[in-house]
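S.K.: Sharing a structure below in structure tokens format, with a few things to ask.
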Amino acid sequence: MANRSSYPTGDGAPEAEKNAGESENTYILRPIFQQRFRPSVVKDCIRSVLKEELTNAEYSPEEMPQLTKRLSETVKDKLKDMGFDRYKMVVQVLIGEQRGEGVFMAARCFWDADTDNYIHDVFMNDSLFCVVAAFGCFYY
């Protein structure tokens with residue numbers, strides 16, 4: 001039986017050369033154990049980012065939108081670098097002024113409990129509080 005990839009296509013280039021840049025479907029339905037979303041590792045990552053960025057921060061309503069966006073991008077980039085292949089990362093950041101009031105946050109998700117997970121962490125100083133939630137959803 002002849003190998004199709006060795007025959008030239010209409011423009012003269014072998015089919016194997018045309019498909020060299022395309023990735024093959026792996027049909028992986030579950031993540032490899034080492035690449036699973038691990039909440040404890042993710043929480044340590046979030047905590048280090050918050051401590052680094054917010055230790056001496058003061059609440060300022062004008063600066064908080066940019067800080068919120070920067071924090072979410074930083075956390076998301078660090079999570080991507082941790083090797084969670086085929087995971088869609090969603091990072092939510094909430095920053096508020098510390099005035100002794102309570103705040104409730106809730107999230108509802110429709111996901112696969114075997115592969116998907118989330119973690120949150122809270123940072124507080126005298127001026128502000130920050131809640132970061134990170135969701136890792138396996139992409140089938």
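Residue numbering restarts at 1 in every chain; chains get A, B, ... in the order shown in the structure tokens, and ligands count up from 1 in that same order.
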I want to know what sits within 10 Å of segment 64-75 of chain A, based on only C-alpha atoms, with residues of the same chain fewer than 6 positions away left out; could you give that as a list in words?
M.R.: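 Residues near the query, excluding close chain neighbours: Val42, Cys45, Ile46, Arg47, Ser48, Val49, Leu50, Glu53, Leu54, Ala57, Glu58, Asp81, Met89, Val90, Val91, Gln92, Val93, Leu94, Ile95, Gly96, Glu97, Cys130, Val132, Ala133 and Ala134 of chain A.
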S.K.: Keeping only N, CA, C and O atoms, write the selected residues as a compact mmCIF listing (two decimals), in the first residue's frame.
M.R.:
# COMPACT_ATOMS: atom_id res chain seq x y z
N VAL A 42 -1.30 26.78 42.66
CA VAL A 42 -1.83 28.03 42.09
C VAL A 42 -2.01 29.08 43.19
O VAL A 42 -1.71 30.26 42.99
N CYS A 45 1.22 30.73 43.95
CA CYS A 45 1.55 31.67 42.88
C CYS A 45 0.78 32.98 43.05
O CYS A 45 1.36 34.07 42.97
N ILE A 46 -0.51 32.88 43.31
CA ILE A 46 -1.34 34.07 43.49
C ILE A 46 -0.86 34.87 44.70
O ILE A 46 -0.72 36.10 44.64
N ARG A 47 -0.59 34.17 45.80
CA ARG A 47 -0.15 34.84 47.02
C ARG A 47 1.16 35.60 46.80
O ARG A 47 1.32 36.73 47.27
N SER A 48 2.10 35.02 46.06
CA SER A 48 3.37 35.71 45.82
C SER A 48 3.18 36.95 44.96
O SER A 48 3.80 37.99 45.21
N VAL A 49 2.29 36.89 43.97
CA VAL A 49 2.02 38.06 43.13
C VAL A 49 1.37 39.16 43.96
O VAL A 49 1.76 40.33 43.88
N LEU A 50 0.39 38.81 44.78
CA LEU A 50 -0.31 39.81 45.59
C LEU A 50 0.63 40.45 46.60
O LEU A 50 0.61 41.67 46.81
N GLU A 53 3.00 42.86 44.70
CA GLU A 53 2.37 44.04 44.09
C GLU A 53 1.65 44.94 45.09
O GLU A 53 1.53 46.14 44.87
N LEU A 54 1.11 44.38 46.16
CA LEU A 54 0.18 45.15 47.00
C LEU A 54 0.66 45.43 48.42
O LEU A 54 -0.06 46.08 49.18
N ALA A 57 0.77 49.14 48.76
CA ALA A 57 -0.19 49.86 47.92
C ALA A 57 -1.21 50.61 48.77
O ALA A 57 -1.61 50.16 49.84
N GLU A 58 -1.62 51.74 48.27
CA GLU A 58 -2.68 52.55 48.88
C GLU A 58 -3.88 52.56 47.95
O GLU A 58 -3.72 52.62 46.73
N ASP A 81 2.68 29.92 32.50
CA ASP A 81 4.08 29.46 32.54
C ASP A 81 4.27 28.24 33.43
O ASP A 81 5.33 27.61 33.40
N MET A 89 -7.40 29.41 31.31
CA MET A 89 -7.29 30.09 32.60
C MET A 89 -8.16 31.34 32.62
O MET A 89 -8.09 32.15 31.71
N VAL A 90 -8.96 31.45 33.66
CA VAL A 90 -9.79 32.64 33.86
C VAL A 90 -9.40 33.20 35.23
O VAL A 90 -9.45 32.49 36.23
N VAL A 91 -9.00 34.47 35.24
CA VAL A 91 -8.58 35.10 36.50
C VAL A 91 -9.47 36.31 36.75
O VAL A 91 -9.64 37.17 35.88
N GLN A 92 -10.05 36.36 37.93
CA GLN A 92 -10.92 37.46 38.33
C GLN A 92 -10.29 38.16 39.53
O GLN A 92 -9.91 37.51 40.50
N VAL A 93 -10.18 39.49 39.45
CA VAL A 93 -9.58 40.27 40.52
C VAL A 93 -10.57 41.33 40.98
O VAL A 93 -11.17 42.03 40.16
N LEU A 94 -10.73 41.45 42.28
CA LEU A 94 -11.59 42.47 42.88
C LEU A 94 -10.77 43.22 43.91
O LEU A 94 -10.17 42.61 44.79
N ILE A 95 -10.73 44.54 43.78
CA ILE A 95 -10.03 45.38 44.76
C ILE A 95 -11.02 46.38 45.32
O ILE A 95 -11.78 47.00 44.58
N GLY A 96 -11.02 46.52 46.64
CA GLY A 96 -11.91 47.48 47.28
C GLY A 96 -11.20 48.21 48.40
O GLY A 96 -10.14 47.79 48.89
N GLU A 97 -11.81 49.30 48.82
CA GLU A 97 -11.24 50.09 49.91
C GLU A 97 -11.55 49.43 51.24
O GLU A 97 -12.66 48.94 51.46
N CYS A 130 -8.02 42.77 48.46
CA CYS A 130 -8.00 42.24 47.11
C CYS A 130 -8.37 40.76 47.15
O CYS A 130 -7.82 40.01 47.95
N VAL A 132 -8.62 37.46 44.61
CA VAL A 132 -8.28 36.90 43.30
C VAL A 132 -8.83 35.49 43.23
O VAL A 132 -8.58 34.67 44.11
N ALA A 133 -9.59 35.22 42.18
CA ALA A 133 -10.09 33.86 41.92
C ALA A 133 -9.53 33.42 40.58
O ALA A 133 -9.57 34.16 39.59
N ALA A 134 -8.97 32.21 40.55
CA ALA A 134 -8.41 31.65 39.32
C ALA A 134 -9.14 30.34 39.02
O ALA A 134 -9.25 29.47 39.88
S.K.: List every residue of segment 59-129 of chain A that DSSP, applied to the backbone of this structure, places in strand (DSSP E), and write the result as a CSV table (one decimal) with N, CA and C atoms, in the first residue's frame.
M.R.:
chain,number,residue,atom,x,y,z
A,87,TYR,N,-5.3,23.9,29.3
A,87,TYR,CA,-6.2,24.5,30.3
A,87,TYR,C,-6.5,26.0,29.9
A,88,LYS,N,-7.8,26.3,30.0
A,88,LYS,CA,-8.2,27.7,29.8
A,88,LYS,C,-8.2,28.3,31.2
A,89,MET,N,-7.4,29.4,31.3
A,89,MET,CA,-7.3,30.1,32.6
A,89,MET,C,-8.2,31.3,32.6
A,90,VAL,N,-9.0,31.5,33.7
A,90,VAL,CA,-9.8,32.6,33.9
A,90,VAL,C,-9.4,33.2,35.2
A,91,VAL,N,-9.0,34.5,35.2
A,91,VAL,CA,-8.6,35.1,36.5
A,91,VAL,C,-9.5,36.3,36.8
A,92,GLN,N,-10.1,36.4,37.9
A,92,GLN,CA,-10.9,37.5,38.3
A,92,GLN,C,-10.3,38.2,39.5
A,93,VAL,N,-10.2,39.5,39.4
A,93,VAL,CA,-9.6,40.3,40.5
A,93,VAL,C,-10.6,41.3,41.0
A,94,LEU,N,-10.7,41.4,42.3
A,94,LEU,CA,-11.6,42.5,42.9
A,94,LEU,C,-10.8,43.2,43.9
A,95,ILE,N,-10.7,44.5,43.8
A,95,ILE,CA,-10.0,45.4,44.8
A,95,ILE,C,-11.0,46.4,45.3
A,96,GLY,N,-11.0,46.5,46.6
A,96,GLY,CA,-11.9,47.5,47.3
A,96,GLY,C,-11.2,48.2,48.4
A,97,GLU,N,-11.8,49.3,48.8
A,97,GLU,CA,-11.2,50.1,49.9
A,97,GLU,C,-11.5,49.4,51.2
A,117,ASN,N,-11.0,23.1,38.0
A,117,ASN,CA,-10.9,23.4,39.4
A,117,ASN,C,-10.7,24.9,39.6
A,118,TYR,N,-10.8,25.4,40.8
A,118,TYR,CA,-10.5,26.9,41.0
A,118,TYR,C,-9.9,27.0,42.4
A,119,ILE,N,-9.3,28.2,42.6
A,119,ILE,CA,-8.8,28.6,43.9
A,119,ILE,C,-8.9,30.1,44.0
A,120,HIS,N,-9.0,30.6,45.3
A,120,HIS,CA,-9.1,32.0,45.5
A,120,HIS,C,-8.1,32.4,46.6
A,121,ASP,N,-7.7,33.6,46.7
A,121,ASP,CA,-6.9,34.1,47.8
A,121,ASP,C,-7.3,35.5,48.1
A,122,VAL,N,-7.1,35.9,49.3
A,122,VAL,CA,-7.5,37.3,49.8
A,122,VAL,C,-6.2,37.9,50.3
A,123,PHE,N,-6.0,39.2,50.0
A,123,PHE,CA,-4.9,40.0,50.5
A,123,PHE,C,-5.5,41.3,51.1
A,124,MET,N,-5.1,41.6,52.3
A,124,MET,CA,-5.6,42.8,52.9
A,124,MET,C,-4.4,43.6,53.5
A,128,LEU,N,-6.6,48.7,51.6
A,128,LEU,CA,-7.4,48.0,50.6
A,128,LEU,C,-7.4,46.5,50.9
A,129,PHE,N,-8.4,45.9,50.2
A,129,PHE,CA,-8.5,44.4,50.2
A,129,PHE,C,-8.5,44.0,48.7
S.K.: Under the rule that only C-alpha atoms are counted, which of A:Cys137, A:Asp85, A:Asp126, A:Gln98 is the nearest residue to Asp114 of chain A?
M.R.: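 Using only C-alpha atoms, the shortest distance to Asp114 of chain A belongs to A:Cys137.
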S.K.: Would you mind listing what lies within 10 Å of Gly83 of chain A as a PyMOL selection string, with only C-alpha atoms counted and same-chain residues fewer than 5 positions away left out?
M.R.: chain A and resi 34-37+78
S.K.: Convert the current residue selection to file output with N, CA, C and O atoms, as a compact mmCIF listing (two decimals), in the first residue's frame.
M.R.:
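Writing done, so here's part.txt:
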# COMPACT_ATOMS: atom_id res chain seq x y z
N GLN A 34 0.69 15.22 35.99
CA GLN A 34 1.59 16.31 36.31
C GLN A 34 1.09 17.66 35.79
O GLN A 34 1.55 18.69 36.24
N GLN A 35 0.17 17.66 34.85
CA GLN A 35 -0.33 18.89 34.26
C GLN A 35 -1.72 19.26 34.74
O GLN A 35 -2.33 20.19 34.20
N ARG A 36 -2.23 18.57 35.72
CA ARG A 36 -3.55 18.90 36.26
C ARG A 36 -3.50 20.24 36.99
O ARG A 36 -2.47 20.62 37.55
N PHE A 37 -4.61 20.95 37.02
CA PHE A 37 -4.73 22.20 37.76
C PHE A 37 -4.67 21.87 39.24
O PHE A 37 -5.57 21.21 39.78
N LYS A 78 1.60 34.03 34.75
CA LYS A 78 2.37 33.11 35.60
C LYS A 78 1.74 31.72 35.61
O LYS A 78 2.45 30.72 35.64
S.K.: Report, in Å to a single decimal, how far apart atom CA of Ser127 of chain A and atom CA of Val41 of chain A are.
M.R.: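 Interatomic distance here is 27.6 Å.
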S.K.: Go through A:Arg86, A:Phe104, A:Asn125, A:Ala113 and flag the residue nearest Lys51 of chain A, using only C-alpha atoms for the distances.
M.R.: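 Among the listed residues, the smallest separation from Lys51 of chain A belongs to A:Asn125.
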S.K.: Could you give me, as a PyMOL selection string, each residue of segment 51-97 of chain A that DSSP assigns to alpha helix (DSSP H) when run on this structure's backbone?
M.R.: chain A and resi 51-54+64-81
S.K.: Do you have the atom CA of Pro61 of chain A-atom CA of Met105 of chain A distance handy?
M.R.: 20.1 Å
S.K.: Go ahead and compute the interatomic distance for atom CA of Leu79 of chain A and atom CA of Gly136 of chain A, in Å to one decimal.
M.R.: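 Interatomic distance here is 9.4 Å.
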S.K.: So, with only C-alpha atoms as the atoms that count, which of A:Leu29, A:Asp44, A:Thr55, A:Glu24 lies closest to Tyr139 of chain A?
M.R.: A:Leu29
